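**Student:** Got a structure for you, protein.cif, holding mmCIF, C-alpha atoms.
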data_final
loop_
_atom_site.label_atom_id
_atom_site.label_comp_id
_atom_site.auth_asym_id
_atom_site.auth_seq_id
_atom_site.Cartn_x
_atom_site.Cartn_y
_atom_site.Cartn_z
CA MET V 1021 -21.15 -11.63 4.52
CA THR V 1022 -24.84 -10.85 4.31
CA ASP V 1023 -26.32 -7.94 2.40
CA SER V 1024 -27.33 -6.20 5.60
CA ALA V 1025 -23.82 -6.46 6.94
CA LEU V 1026 -22.53 -4.97 3.72
CA ARG V 1027 -25.00 -2.14 4.02
CA GLU V 1028 -23.85 -1.58 7.55
CA LEU V 1029 -20.31 -1.36 6.23
CA ALA V 1030 -21.32 1.14 3.59
CA ASP V 1031 -23.76 3.19 5.63
CA ASP V 1032 -21.74 3.62 8.75
CA PRO V 1033 -22.00 7.28 9.72
CA SER V 1034 -18.82 9.28 9.59
CA SER V 1035 -17.07 8.90 12.87
CA ARG V 1036 -14.79 11.82 12.16
CA LYS V 1037 -17.32 14.09 13.81
CA ARG V 1038 -17.23 11.86 16.88
CA PHE V 1039 -13.46 12.03 16.91
CA PHE V 1040 -13.45 15.80 16.97
CA LYS V 1041 -16.18 15.84 19.58
CA MET V 1042 -14.03 13.57 21.69
CA MET V 1043 -10.96 15.70 21.07
CA GLY V 1044 -13.06 18.72 21.92
CA GLY V 1045 -13.81 17.55 25.40
CA ALA V 1046 -16.96 15.46 25.69
CA GLY V 1047 -16.70 12.85 28.40
CA ALA V 1048 -14.62 12.35 31.48
CA VAL V 1049 -11.45 11.32 29.72
CA SER V 1050 -10.99 14.32 27.49
CA ALA V 1051 -12.40 17.26 29.33
CA ALA V 1052 -9.31 19.36 28.79
CA SER V 1053 -9.36 20.02 25.11
CA VAL V 1054 -6.39 19.60 22.88
CA PHE V 1055 -7.65 22.65 21.09
CA LEU V 1056 -7.44 24.72 24.26
CA VAL V 1057 -3.92 23.55 24.87
CA ALA V 1058 -3.09 24.56 21.32
CA CYS V 1059 -4.35 28.09 21.70
CA GLY V 1060 -1.25 29.58 23.23
CA ASP V 1061 -0.10 30.97 26.54
CA ASP V 1062 -3.34 32.50 27.74
CA ASP V 1063 -5.16 29.26 27.44
CA LYS V 1064 -2.31 27.36 28.98
CA LYS V 1065 -2.71 29.54 32.05
CA SER V 1066 -6.41 28.85 32.25
CA THR V 1067 -5.99 25.11 31.88
CA ALA V 1068 -3.26 25.21 34.50
CA SER V 1069 -5.93 26.08 37.05
CA THR V 1070 -7.42 22.65 36.54
CA PRO V 1071 -6.39 20.54 39.51
CA ALA V 1072 -3.92 17.78 38.81
CA ALA V 1073 -3.82 18.48 35.08
CA GLU V 1074 -0.47 17.34 33.73
CA PRO V 1075 1.49 17.63 36.97
CA ALA V 1076 4.41 15.83 35.39
CA ALA V 1077 4.73 18.35 32.59
CA LYS V 1078 7.76 20.22 33.83
CA ASN V 1079 8.43 21.49 30.37
CA PRO V 1080 5.18 21.76 28.42
CA ASP V 1081 6.94 22.87 25.25
CA GLU V 1082 9.20 19.82 25.24
CA ASP V 1083 6.22 17.56 25.95
CA MET V 1084 4.23 19.08 23.12
CA LYS V 1085 7.18 18.73 20.78
CA GLY V 1086 7.41 15.05 21.66
CA ASP V 1087 3.69 14.55 21.14
CA LEU V 1088 3.86 16.27 17.77
CA GLU V 1089 6.68 13.96 16.72
CA ILE V 1090 4.59 10.95 17.67
CA LEU V 1091 1.55 12.35 15.86
CA ASN V 1092 3.59 12.89 12.70
CA TYR V 1093 4.98 9.37 12.99
CA ALA V 1094 1.41 8.05 13.26
CA LEU V 1095 0.38 10.25 10.34
CA THR V 1096 3.15 8.76 8.19
CA LEU V 1097 1.89 5.25 8.89
CA GLU V 1098 -1.71 6.24 8.22
CA PHE V 1099 -0.70 7.87 4.92
CA LEU V 1100 0.96 4.61 3.97
CA GLU V 1101 -2.08 2.51 4.91
CA ALA V 1102 -4.57 4.81 3.22
CA ASP V 1103 -2.53 4.88 0.02
CA PHE V 1104 -2.15 1.13 0.03
CA TYR V 1105 -5.91 0.51 0.19
CA LYS V 1106 -6.46 3.18 -2.46
CA GLN V 1107 -4.01 1.50 -4.83
CA VAL V 1108 -5.45 -1.95 -4.10
CA ILE V 1109 -8.96 -0.81 -4.93
CA GLU V 1110 -7.86 1.10 -8.04
CA SER V 1111 -5.91 -1.93 -9.30
CA GLY V 1112 -9.12 -3.93 -9.52
CA ILE V 1113 -7.36 -6.93 -8.06
CA VAL V 1114 -10.11 -7.55 -5.51
CA LYS V 1115 -13.07 -9.27 -7.17
CA ASP V 1116 -14.81 -10.79 -4.15
CA PRO V 1117 -17.46 -8.31 -2.94
CA LYS V 1118 -16.93 -9.17 0.72
CA VAL V 1119 -13.19 -8.61 0.52
CA GLY V 1120 -13.82 -5.53 -1.61
CA SER V 1121 -16.13 -3.98 0.93
CA ILE V 1122 -13.64 -4.62 3.73
CA ALA V 1123 -10.82 -3.05 1.70
CA LYS V 1124 -12.99 -0.05 0.91
CA LYS V 1125 -14.15 0.40 4.49
CA PHE V 1126 -10.68 -0.03 5.96
CA GLY V 1127 -9.28 2.39 3.38
CA GLN V 1128 -11.90 5.00 4.27
CA THR V 1129 -11.08 4.55 7.93
CA GLU V 1130 -7.36 5.06 7.34
CA GLN V 1131 -8.15 8.21 5.38
CA GLU V 1132 -10.20 9.44 8.35
CA HIS V 1133 -7.20 8.76 10.58
CA VAL V 1134 -5.03 10.77 8.18
CA ASP V 1135 -7.45 13.71 8.18
CA ALA V 1136 -7.87 13.69 11.94
CA LEU V 1137 -4.16 13.45 12.66
CA LYS V 1138 -3.35 16.27 10.23
CA ALA V 1139 -5.99 18.47 11.82
CA THR V 1140 -4.76 17.65 15.31
CA ILE V 1141 -1.14 18.40 14.46
CA THR V 1142 -2.15 21.74 12.96
CA LYS V 1143 -4.32 22.59 15.97
CA LEU V 1144 -1.43 21.86 18.27
CA GLY V 1145 0.74 24.31 16.35
CA GLY V 1146 2.76 21.71 14.49
CA LYS V 1147 3.27 21.05 10.82
CA PRO V 1148 1.87 17.82 9.39
CA VAL V 1149 4.41 15.80 7.44
CA GLU V 1150 3.88 15.25 3.73
CA ALA V 1151 2.56 11.94 2.49
CA PRO V 1152 5.52 9.66 1.74
CA ALA V 1153 6.05 8.39 -1.79
CA THR V 1154 5.02 4.73 -1.73
CA LYS V 1155 6.02 1.63 -3.64
CA PHE V 1156 3.28 -1.00 -3.62
CA GLY V 1157 3.66 -2.05 -7.27
CA PRO V 1158 5.70 -5.19 -6.56
CA THR V 1159 3.13 -6.32 -3.97
CA LEU V 1160 0.20 -5.71 -6.31
CA GLU V 1161 1.90 -7.75 -9.02
CA LYS V 1162 2.08 -10.77 -6.75
CA GLY V 1163 -1.68 -11.19 -6.67
CA LEU V 1164 -4.58 -11.00 -4.25
CA MET V 1165 -3.21 -13.24 -1.54
CA ALA V 1166 0.04 -11.31 -1.33
CA VAL V 1167 -1.95 -8.08 -1.22
CA LEU V 1168 -4.12 -9.27 1.66
CA GLU V 1169 -1.13 -10.62 3.53
CA THR V 1170 0.61 -7.29 3.11
CA ALA V 1171 -2.52 -5.51 4.34
CA ALA V 1172 -2.54 -7.78 7.39
CA ASP V 1173 1.16 -7.17 8.03
CA VAL V 1174 0.78 -3.41 7.71
CA GLU V 1175 -2.21 -3.34 10.07
CA ASN V 1176 -0.42 -5.50 12.62
CA LEU V 1177 2.51 -3.09 12.36
CA GLY V 1178 0.19 -0.15 12.81
CA ALA V 1179 -1.31 -1.63 15.96
CA ALA V 1180 2.15 -2.42 17.31
CA ALA V 1181 3.33 1.09 16.46
CA TYR V 1182 0.52 2.82 18.36
CA LEU V 1183 1.02 0.50 21.31
CA GLY V 1184 4.73 1.19 21.33
CA ALA V 1185 4.23 4.94 21.12
CA ALA V 1186 1.40 5.31 23.65
CA GLY V 1187 3.65 5.44 26.70
CA GLY V 1188 5.56 8.39 25.27
CA ILE V 1189 2.50 10.59 24.77
CA LYS V 1190 2.28 13.34 27.39
CA ASN V 1191 -0.98 15.06 26.56
CA LYS V 1192 -3.92 13.01 27.84
CA ASP V 1193 -6.20 14.04 25.00
CA VAL V 1194 -3.64 13.06 22.39
CA LEU V 1195 -3.31 9.76 24.25
CA ALA V 1196 -7.09 9.27 24.20
CA ALA V 1197 -7.10 9.90 20.46
CA ALA V 1198 -4.20 7.52 19.85
CA LEU V 1199 -5.93 4.80 21.88
CA SER V 1200 -9.12 5.24 19.88
CA ILE V 1201 -7.12 4.64 16.69
CA HIS V 1202 -4.95 1.88 18.16
CA SER V 1203 -7.86 -0.47 18.81
CA VAL V 1204 -9.22 0.12 15.32
CA GLU V 1205 -5.87 -0.86 13.81
CA ALA V 1206 -6.02 -3.97 15.98
CA ARG V 1207 -9.50 -4.80 14.69
CA HIS V 1208 -8.28 -4.40 11.11
CA ALA V 1209 -5.27 -6.57 11.83
CA ALA V 1210 -7.32 -9.38 13.36
CA ALA V 1211 -9.88 -9.32 10.57
CA LEU V 1212 -7.22 -9.43 7.85
CA ASN V 1213 -5.26 -12.12 9.65
CA GLN V 1214 -8.46 -14.14 9.73
CA LEU V 1215 -9.16 -13.41 6.07
CA VAL V 1216 -5.77 -14.73 4.95
CA GLY V 1217 -6.20 -17.86 7.03
CA ARG V 1218 -3.72 -17.21 9.78
CA GLY V 1219 -4.54 -19.33 12.79
CA PHE V 1220 -4.40 -18.39 16.39
CA GLY V 1221 -1.15 -17.05 17.54
CA GLY V 1222 1.21 -17.08 20.40
CA LYS V 1223 3.83 -18.05 17.86
CA GLY V 1224 5.42 -14.64 17.78
CA GLY V 1225 6.00 -12.37 14.86
CA LEU V 1226 3.02 -11.00 13.02
CA LYS V 1227 1.61 -14.27 11.83
CA GLY V 1228 -1.45 -15.03 13.91
CA THR V 1229 -4.98 -13.74 14.37
CA VAL V 1230 -4.02 -12.87 17.93
CA PRO V 1231 -0.34 -13.10 17.17
CA ASP V 1232 1.13 -12.39 20.57
CA GLY V 1233 -1.28 -14.51 22.59
CA ALA V 1234 -3.07 -12.72 25.41
CA PHE V 1235 -0.75 -9.70 25.48
CA ALA V 1236 0.03 -7.64 22.41
CA LYS V 1237 3.55 -6.36 21.96
CA GLY V 1238 4.39 -2.83 20.99
CA MET V 1239 7.16 -1.89 18.58
CA ASP V 1240 9.46 1.08 18.76
CA MET V 1241 9.59 3.67 16.02
CA GLU V 1242 12.89 2.47 14.61
CA SER V 1243 11.67 -1.12 14.15
CA VAL V 1244 8.38 0.00 12.62
CA LEU V 1245 10.05 2.34 10.15
CA ALA V 1246 12.50 -0.41 9.18
CA ALA V 1247 9.58 -2.78 8.59
CA VAL V 1248 7.72 -0.37 6.30
CA LYS V 1249 10.83 0.68 4.38
CA PRO V 1250 10.18 -1.73 1.48
CA PHE V 1251 6.95 0.17 0.80
CA LEU V 1252 8.60 3.56 0.63
CA ALA V 1253 9.79 4.75 -2.75
CA MET R 769 -12.89 4.92 50.92
CA ALA R 770 -16.25 4.37 52.57
CA SER R 771 -19.28 4.14 50.38
CA SER R 772 -20.99 6.83 52.45
CA GLN R 773 -18.39 9.27 51.17
CA LEU R 774 -19.14 8.30 47.63
CA VAL R 775 -22.70 9.49 47.81
CA ALA R 776 -21.87 12.70 49.69
CA PRO R 777 -23.45 15.47 47.63
CA GLU R 778 -20.42 17.74 47.77
CA LEU R 779 -18.41 15.15 45.89
CA ALA R 780 -20.72 15.47 42.95
CA ALA R 781 -19.21 18.89 42.35
CA ILE R 782 -15.69 17.54 42.06
CA LYS R 783 -14.03 18.87 38.97
CA ILE R 784 -13.07 16.10 36.62
CA GLU R 785 -11.31 18.17 34.00
CA GLY R 786 -8.03 16.86 35.29
CA THR R 787 -6.97 13.30 35.12
CA THR R 788 -7.41 12.07 38.64
CA ARG R 789 -8.67 8.55 38.73
CA GLU R 790 -10.38 9.10 41.99
CA ALA R 791 -12.58 11.76 40.51
CA PHE R 792 -13.29 9.46 37.61
CA LEU R 793 -14.32 6.63 39.90
CA ILE R 794 -16.34 8.85 42.16
CA ARG R 795 -18.15 10.48 39.31
CA ALA R 796 -18.85 7.14 37.70
CA THR R 797 -20.10 5.71 40.95
CA LEU R 798 -22.29 8.71 41.58
CA ALA R 799 -23.68 8.44 38.10
CA ALA R 800 -24.38 4.77 38.69
CA GLY R 801 -26.09 5.71 41.93
CA ALA R 802 -28.21 8.24 40.13
CA THR R 803 -29.22 5.63 37.59
CA TYR R 804 -29.81 2.69 39.85
CA GLY R 805 -30.54 4.38 43.17
CA ALA R 806 -27.99 5.87 45.51
CA MET R 807 -28.03 2.95 47.89
CA SER R 808 -27.14 0.48 45.20
CA ALA R 809 -24.26 2.36 43.60
CA THR R 810 -23.26 -1.06 42.34
CA PRO R 811 -21.66 -2.98 45.17
CA PHE R 812 -18.82 -4.37 43.13
CA ILE R 813 -17.49 -0.96 42.26
CA THR R 814 -17.83 0.17 45.86
CA ARG R 815 -15.89 -2.91 46.79
CA ALA R 816 -13.24 -2.28 44.17
CA LEU R 817 -12.83 1.20 45.59
CA ALA R 818 -12.73 -0.06 49.16
CA GLU R 819 -10.10 -2.61 48.27
CA GLY R 820 -8.12 -0.39 45.97
CA GLY R 821 -4.87 1.15 47.10
CA GLY R 822 -5.74 4.33 45.22
CA GLY R 823 -4.41 5.53 41.90
CA ASP R 824 -3.80 2.99 39.21
CA VAL R 825 -4.89 0.17 41.53
CA ASP R 826 -8.50 1.33 41.28
CA ILE R 827 -8.35 1.31 37.50
CA LEU R 828 -6.68 -2.09 37.48
CA ASN R 829 -9.42 -3.48 39.72
CA TYR R 830 -12.04 -2.04 37.40
CA ALA R 831 -10.31 -3.78 34.48
CA LEU R 832 -9.95 -6.95 36.54
CA THR R 833 -13.69 -7.01 37.17
CA LEU R 834 -14.38 -6.76 33.44
CA GLU R 835 -11.90 -9.53 32.73
CA TYR R 836 -13.51 -11.78 35.38
CA LEU R 837 -16.76 -11.22 33.55
CA GLU R 838 -15.33 -12.11 30.15
CA ALA R 839 -13.35 -15.11 31.39
CA GLU R 840 -16.37 -16.56 33.17
CA PHE R 841 -18.57 -15.86 30.18
CA TYR R 842 -16.38 -17.88 27.82
CA THR R 843 -15.77 -20.62 30.39
CA ARG R 844 -19.50 -21.19 30.78
CA GLY R 845 -20.15 -20.70 27.07
CA VAL R 846 -17.65 -23.36 26.06
CA ALA R 847 -19.34 -25.79 28.46
CA GLN R 848 -22.95 -24.90 27.74
CA VAL R 849 -23.52 -23.67 24.19
CA LYS R 850 -24.57 -26.66 22.11
CA ASP R 851 -24.55 -25.44 18.54
CA LEU R 852 -21.16 -23.79 18.01
CA SER R 853 -19.26 -24.89 14.94
CA GLY R 854 -15.81 -26.39 15.37
CA ASP R 855 -14.13 -23.12 14.46
CA GLU R 856 -16.40 -21.13 16.74
CA MET R 857 -15.65 -23.44 19.66
CA LYS R 858 -11.96 -23.09 18.94
CA LEU R 859 -12.33 -19.33 18.93
CA ALA R 860 -14.33 -19.35 22.19
CA LYS R 861 -11.66 -21.45 23.89
CA GLU R 862 -8.88 -19.20 22.62
CA LEU R 863 -10.67 -16.12 23.90
CA ARG R 864 -11.40 -17.83 27.24
CA ASP R 865 -7.71 -18.61 27.67
CA ASN R 866 -6.72 -15.04 26.80
CA GLU R 867 -9.21 -13.58 29.29
CA ASN R 868 -7.99 -15.91 32.03
CA GLU R 869 -4.46 -14.70 31.39
CA HIS R 870 -5.70 -11.11 31.65
CA VAL R 871 -7.33 -11.90 35.00
CA ASP R 872 -4.14 -13.44 36.35
CA ALA R 873 -1.94 -10.61 35.09
CA LEU R 874 -4.19 -7.85 36.42
CA ALA R 875 -4.59 -9.50 39.82
CA ALA R 876 -0.82 -9.95 40.04
CA THR R 877 -0.24 -6.33 39.04
CA VAL R 878 -2.64 -5.05 41.70
CA LYS R 879 -0.77 -7.08 44.33
CA LYS R 880 2.58 -5.87 43.05
CA LEU R 881 1.39 -2.31 43.50
CA GLY R 882 0.45 -3.09 47.10
CA GLY R 883 -3.29 -3.24 46.51
CA THR R 884 -5.87 -5.94 47.11
CA ALA R 885 -7.25 -7.56 44.00
CA ALA R 886 -11.01 -7.15 43.57
CA LYS R 887 -12.93 -10.35 44.17
CA LYS R 888 -14.72 -12.09 41.38
CA PRO R 889 -18.34 -10.96 41.30
CA MET R 890 -21.25 -13.39 41.28
CA LEU R 891 -22.36 -13.58 37.68
CA ASP R 892 -25.47 -14.57 35.82
CA PHE R 893 -25.55 -14.42 32.03
CA GLY R 894 -29.23 -15.22 31.68
CA GLY R 895 -30.07 -16.82 28.35
CA ALA R 896 -26.71 -16.06 26.74
CA PHE R 897 -25.82 -19.75 26.44
CA ALA R 898 -29.16 -20.94 25.08
CA SER R 899 -27.98 -20.68 21.49
CA ARG R 900 -24.99 -19.92 19.33
CA ALA R 901 -26.58 -16.65 18.24
CA ALA R 902 -27.27 -15.48 21.80
CA PHE R 903 -23.76 -16.43 22.90
CA LEU R 904 -22.03 -14.64 20.03
CA LYS R 905 -24.21 -11.57 20.44
CA THR R 906 -23.34 -11.27 24.13
CA ALA R 907 -19.67 -11.92 23.34
CA ASN R 908 -19.83 -9.06 20.84
CA VAL R 909 -21.32 -6.73 23.46
CA LEU R 910 -18.73 -7.72 26.08
CA GLU R 911 -15.72 -7.40 23.78
CA ASP R 912 -16.77 -4.04 22.33
CA ALA R 913 -17.48 -2.83 25.87
CA GLY R 914 -14.08 -4.06 26.99
CA VAL R 915 -12.35 -2.08 24.24
CA SER R 916 -14.18 1.14 25.09
CA ALA R 917 -13.64 0.61 28.82
CA TYR R 918 -9.86 0.33 28.42
CA ASN R 919 -9.79 3.20 25.94
CA GLY R 920 -11.70 5.34 28.43
CA ALA R 921 -9.53 4.40 31.39
CA GLY R 922 -6.20 4.55 29.55
CA PRO R 923 -5.59 8.32 29.80
CA LEU R 924 -6.35 8.20 33.55
CA ILE R 925 -3.52 5.79 34.23
CA GLU R 926 -0.51 7.40 35.87
CA SER R 927 2.20 4.77 35.58
CA VAL R 928 3.71 4.28 32.15
CA ASP R 929 4.14 0.58 32.97
CA VAL R 930 0.49 0.14 33.88
CA LEU R 931 -0.49 2.01 30.71
CA ALA R 932 1.68 -0.34 28.67
CA ALA R 933 -0.01 -3.34 30.30
CA ALA R 934 -3.48 -1.92 29.69
CA GLY R 935 -2.55 -1.11 26.08
CA SER R 936 -1.28 -4.60 25.49
CA ILE R 937 -4.58 -6.00 26.80
CA VAL R 938 -6.91 -3.61 24.97
CA GLN R 939 -5.30 -4.52 21.68
CA ILE R 940 -6.26 -8.14 22.34
CA GLU R 941 -9.80 -7.15 23.31
CA ALA R 942 -10.06 -5.26 20.02
CA ARG R 943 -8.85 -8.31 18.10
CA HIS R 944 -11.38 -10.46 19.94
CA ALA R 945 -14.14 -8.01 19.10
CA ALA R 946 -13.22 -8.06 15.42
CA LEU R 947 -13.13 -11.87 15.30
CA ILE R 948 -16.47 -12.28 17.06
CA ARG R 949 -17.96 -9.68 14.74
CA LEU R 950 -16.67 -11.52 11.67
CA VAL R 951 -18.28 -14.74 12.91
CA ARG R 952 -21.54 -12.80 13.27
CA ASN R 953 -21.25 -11.32 9.75
CA LYS R 954 -20.89 -7.88 11.26
CA PRO R 955 -18.29 -5.32 10.20
CA PRO R 956 -15.18 -6.06 12.28
CA ALA R 957 -14.25 -2.41 12.70
CA PRO R 958 -17.43 -0.36 12.37
CA LEU R 959 -15.95 2.93 13.58
CA ALA R 960 -12.85 4.80 12.44
CA PHE R 961 -12.30 5.81 16.07
CA ASP R 962 -13.25 3.37 18.79
CA LYS R 963 -15.26 4.85 21.59
CA ALA R 964 -13.87 5.65 24.99
CA ALA R 965 -16.50 4.77 27.56
CA THR R 966 -16.79 6.10 31.06
CA MET R 967 -17.28 3.68 33.88
CA ASP R 968 -20.96 4.50 34.23
CA GLU R 969 -21.52 3.68 30.58
CA ILE R 970 -19.79 0.34 31.05
CA LEU R 971 -21.71 -0.34 34.24
CA LYS R 972 -24.98 0.08 32.41
CA LYS R 973 -23.86 -2.51 29.86
CA ILE R 974 -22.65 -5.12 32.34
CA LYS R 975 -25.09 -4.54 35.19
CA PRO R 976 -27.46 -7.26 33.96
CA PHE R 977 -24.70 -9.84 34.47
CA ILE R 978 -23.58 -8.78 37.96
CA LYS R 979 -25.49 -10.38 40.77
CA SER R 980 -23.35 -9.12 43.61
#
Output the structure of this file as structure tokens.
**Tutor:**
Amino acid sequence: MTDSALRELADDPSSRKRFFKMMGGAGAVSAASVFLVACGDDDKKSTASTPAAEPAAKNPDEDMKGDLEILNYALTLEFLEADFYKQVIESGIVKDPKVGSIAKKFGQTEQEHVDALKATITKLGGKPVEAPATKFGPTLEKGLMAVLETAADVENLGAAAYLGAAGGIKNKDVLAAALSIHSVEARHAAALNQLVGRGFGGKGGLKGTVPDGAFAKGMDMESVLAAVKPFLA
Amino acid sequence: MASSQLVAPELAAIKIEGTTREAFLIRATLAAGATYGAMSATPFITRALAEGGGGDVDILNYALTLEYLEAEFYTRGVAQVKDLSGDEMKLAKELRDNENEHVDALAATVKKLGGTAAKKPMLDFGGAFASRAAFLKTANVLEDAGVSAYNGAGPLIESVDVLAAAGSIVQIEARHAALIRLVRNKPPAPLAFDKAATMDEILKKIKPFIKS
């Protein structure tokens, strides 16, 4: 990686602001703000005057409860990812500057996902879950390659988790936010797959750069949580 | 939907706070008209609308048009770019095959929903195949645009099944974007939150390649 590319990695402006702007209603896809929806009955009435907004939401409270569950599920995974990168960087196991800058950048991004999801859950009237206690020691002891492979696995899982959960999200703004994170997890997954030398996919599992071929597969919550269990203390 | 309706001034006032795809398409088309002249509100979108069965079909035809563009881009690139490395050629072929599968799947889905699949536009990629660097740069633009196009359209999709299909494709577009970016020594995931583009934003990006 060239110096300029590294600088670009380091100097990338915080996109958290953009996330909140998006959540706050800029653009055609998120005009009805999550924050408005979160502001209680009065605001619900005013958004209800918007034509065709959430016609399927027969029970808004149930829908919101479901969305909050999904957001907390996503938050748990992001906590896990952010903590993993943090521990990897602190361990000093990564010596290569290119790999180091990727780990740092990806870790920062996961932390931004954590912050944004926590804020969104709170705005929607929910309670963000606590960060889970993690157990990455055994992975770190196995060396750099095992660490990068685990990073790739976790990112592939993250992408599959968001894809699997997307269909269950009722609020369109929450969906927009989840999609904007989903494709970033996919980028991370592809880059790490490439970094650890995984070839092109179509072979199934989580073992290729584009592991599922032309169509990515989602995973349900149960399968994802089972897959990350070894990393939970 | 006739194109004359699309440029009717009263439609410009349509509220788009909701999630109606029609409003999305109309607004995007009007915006394109404002940018490129009302008469030229990009024929391929007008055609996609005319051929669409409404609802998710319109969004699928929009996606199909983007996939036609990407598939054709890689098909020509593989044949014409002279200085790709072995690995880069392998990547280009893999991406070409993925995009062709997306085209087939989207066209089949449109038909299944009772719509008429948008026709492949006439395309011209200019000097994109003159060199490895030009090819990879254009690939980068197309893949990043593809990601933001799907992310923008996703919340407008009504059917959970169509959303699942679009999600399964956008994840692949995002992987493509990351891989092309790595080849270019660019950060694979420059943003913590990928953008969600409106159709008019996408149109501006791809207009140079659409001849009709």
**Student:** Quick one: which residues from chain R are at most 9 Å off chain V, using only C-alpha atoms, as a PDB file with C-alpha atoms, in the frame of the given file?
**Tutor:**
ATOM      1  CA  LYS R 783     -14.030  18.870  38.970  1.00  0.00           C
ATOM      2  CA  ILE R 784     -13.070  16.100  36.620  1.00  0.00           C
ATOM      3  CA  GLU R 785     -11.310  18.170  34.000  1.00  0.00           C
ATOM      4  CA  GLY R 786      -8.030  16.860  35.290  1.00  0.00           C
ATOM      5  CA  THR R 787      -6.970  13.300  35.120  1.00  0.00           C
ATOM      6  CA  THR R 788      -7.410  12.070  38.640  1.00  0.00           C
ATOM      7  CA  PHE R 792     -13.290   9.460  37.610  1.00  0.00           C
ATOM      8  CA  ARG R 795     -18.150  10.480  39.310  1.00  0.00           C
ATOM      9  CA  LEU R 859     -12.330 -19.330  18.930  1.00  0.00           C
ATOM     10  CA  GLU R 862      -8.880 -19.200  22.620  1.00  0.00           C
ATOM     11  CA  LEU R 863     -10.670 -16.120  23.900  1.00  0.00           C
ATOM     12  CA  ASP R 865      -7.710 -18.610  27.670  1.00  0.00           C
ATOM     13  CA  ASN R 866      -6.720 -15.040  26.800  1.00  0.00           C
ATOM     14  CA  GLU R 867      -9.210 -13.580  29.290  1.00  0.00           C
ATOM     15  CA  ASN R 868      -7.990 -15.910  32.030  1.00  0.00           C
ATOM     16  CA  GLU R 869      -4.460 -14.700  31.390  1.00  0.00           C
ATOM     17  CA  HIS R 870      -5.700 -11.110  31.650  1.00  0.00           C
ATOM     18  CA  VAL R 915     -12.350  -2.080  24.240  1.00  0.00           C
ATOM     19  CA  SER R 916     -14.180   1.140  25.090  1.00  0.00           C
ATOM     20  CA  TYR R 918      -9.860   0.330  28.420  1.00  0.00           C
ATOM     21  CA  ASN R 919      -9.790   3.200  25.940  1.00  0.00           C
ATOM     22  CA  GLY R 920     -11.700   5.340  28.430  1.00  0.00           C
ATOM     23  CA  ALA R 921      -9.530   4.400  31.390  1.00  0.00           C
ATOM     24  CA  GLY R 922      -6.200   4.550  29.550  1.00  0.00           C
ATOM     25  CA  PRO R 923      -5.590   8.320  29.800  1.00  0.00           C
ATOM     26  CA  LEU R 924      -6.350   8.200  33.550  1.00  0.00           C
ATOM     27  CA  VAL R 928       3.710   4.280  32.150  1.00  0.00           C
ATOM     28  CA  ASP R 929       4.140   0.580  32.970  1.00  0.00           C
ATOM     29  CA  LEU R 931      -0.490   2.010  30.710  1.00  0.00           C
ATOM     30  CA  ALA R 932       1.680  -0.340  28.670  1.00  0.00           C
ATOM     31  CA  ALA R 933      -0.010  -3.340  30.300  1.00  0.00           C
ATOM     32  CA  GLY R 935      -2.550  -1.110  26.080  1.00  0.00           C
ATOM     33  CA  SER R 936      -1.280  -4.600  25.490  1.00  0.00           C
ATOM     34  CA  ILE R 937      -4.580  -6.000  26.800  1.00  0.00           C
ATOM     35  CA  VAL R 938      -6.910  -3.610  24.970  1.00  0.00           C
ATOM     36  CA  GLN R 939      -5.300  -4.520  21.680  1.00  0.00           C
ATOM     37  CA  ILE R 940      -6.260  -8.140  22.340  1.00  0.00           C
ATOM     38  CA  GLU R 941      -9.800  -7.150  23.310  1.00  0.00           C
ATOM     39  CA  ALA R 942     -10.060  -5.260  20.020  1.00  0.00           C
ATOM     40  CA  ARG R 943      -8.850  -8.310  18.100  1.00  0.00           C
ATOM     41  CA  HIS R 944     -11.380 -10.460  19.940  1.00  0.00           C
ATOM     42  CA  ALA R 945     -14.140  -8.010  19.100  1.00  0.00           C
ATOM     43  CA  ALA R 946     -13.220  -8.060  15.420  1.00  0.00           C
ATOM     44  CA  LEU R 947     -13.130 -11.870  15.300  1.00  0.00           C
ATOM     45  CA  LEU R 950     -16.670 -11.520  11.670  1.00  0.00           C
ATOM     46  CA  ARG R 952     -21.540 -12.800  13.270  1.00  0.00           C
ATOM     47  CA  ASN R 953     -21.250 -11.320   9.750  1.00  0.00           C
ATOM     48  CA  LYS R 954     -20.890  -7.880  11.260  1.00  0.00           C
ATOM     49  CA  PRO R 955     -18.290  -5.320  10.200  1.00  0.00           C
ATOM     50  CA  PRO R 956     -15.180  -6.060  12.280  1.00  0.00           C
ATOM     51  CA  ALA R 957     -14.250  -2.410  12.700  1.00  0.00           C
ATOM     52  CA  PRO R 958     -17.430  -0.360  12.370  1.00  0.00           C
ATOM     53  CA  LEU R 959     -15.950   2.930  13.580  1.00  0.00           C
ATOM     54  CA  ALA R 960     -12.850   4.800  12.440  1.00  0.00           C
ATOM     55  CA  PHE R 961     -12.300   5.810  16.070  1.00  0.00           C
ATOM     56  CA  ASP R 962     -13.250   3.370  18.790  1.00  0.00           C
ATOM     57  CA  LYS R 963     -15.260   4.850  21.590  1.00  0.00           C
ATOM     58  CA  ALA R 964     -13.870   5.650  24.990  1.00  0.00           C
ATOM     59  CA  ALA R 965     -16.500   4.770  27.560  1.00  0.00           C
ATOM     60  CA  THR R 966     -16.790   6.100  31.060  1.00  0.00           C
TER      61      THR R 966
END
**Student:** Take atom CA of V:Leu1100 and atom CA of V:Thr1154 and report the distance between them in Å, one decimal.
**Tutor:** 7.0 Å
**Student:** Expanded to explicit residues, what is the PyMOL selection byres ((chain R and resi 892) around 10) for this file, as a ChimeraX atom specification?
**Tutor:** /R:837,840-841,889-891,893-896,976-980
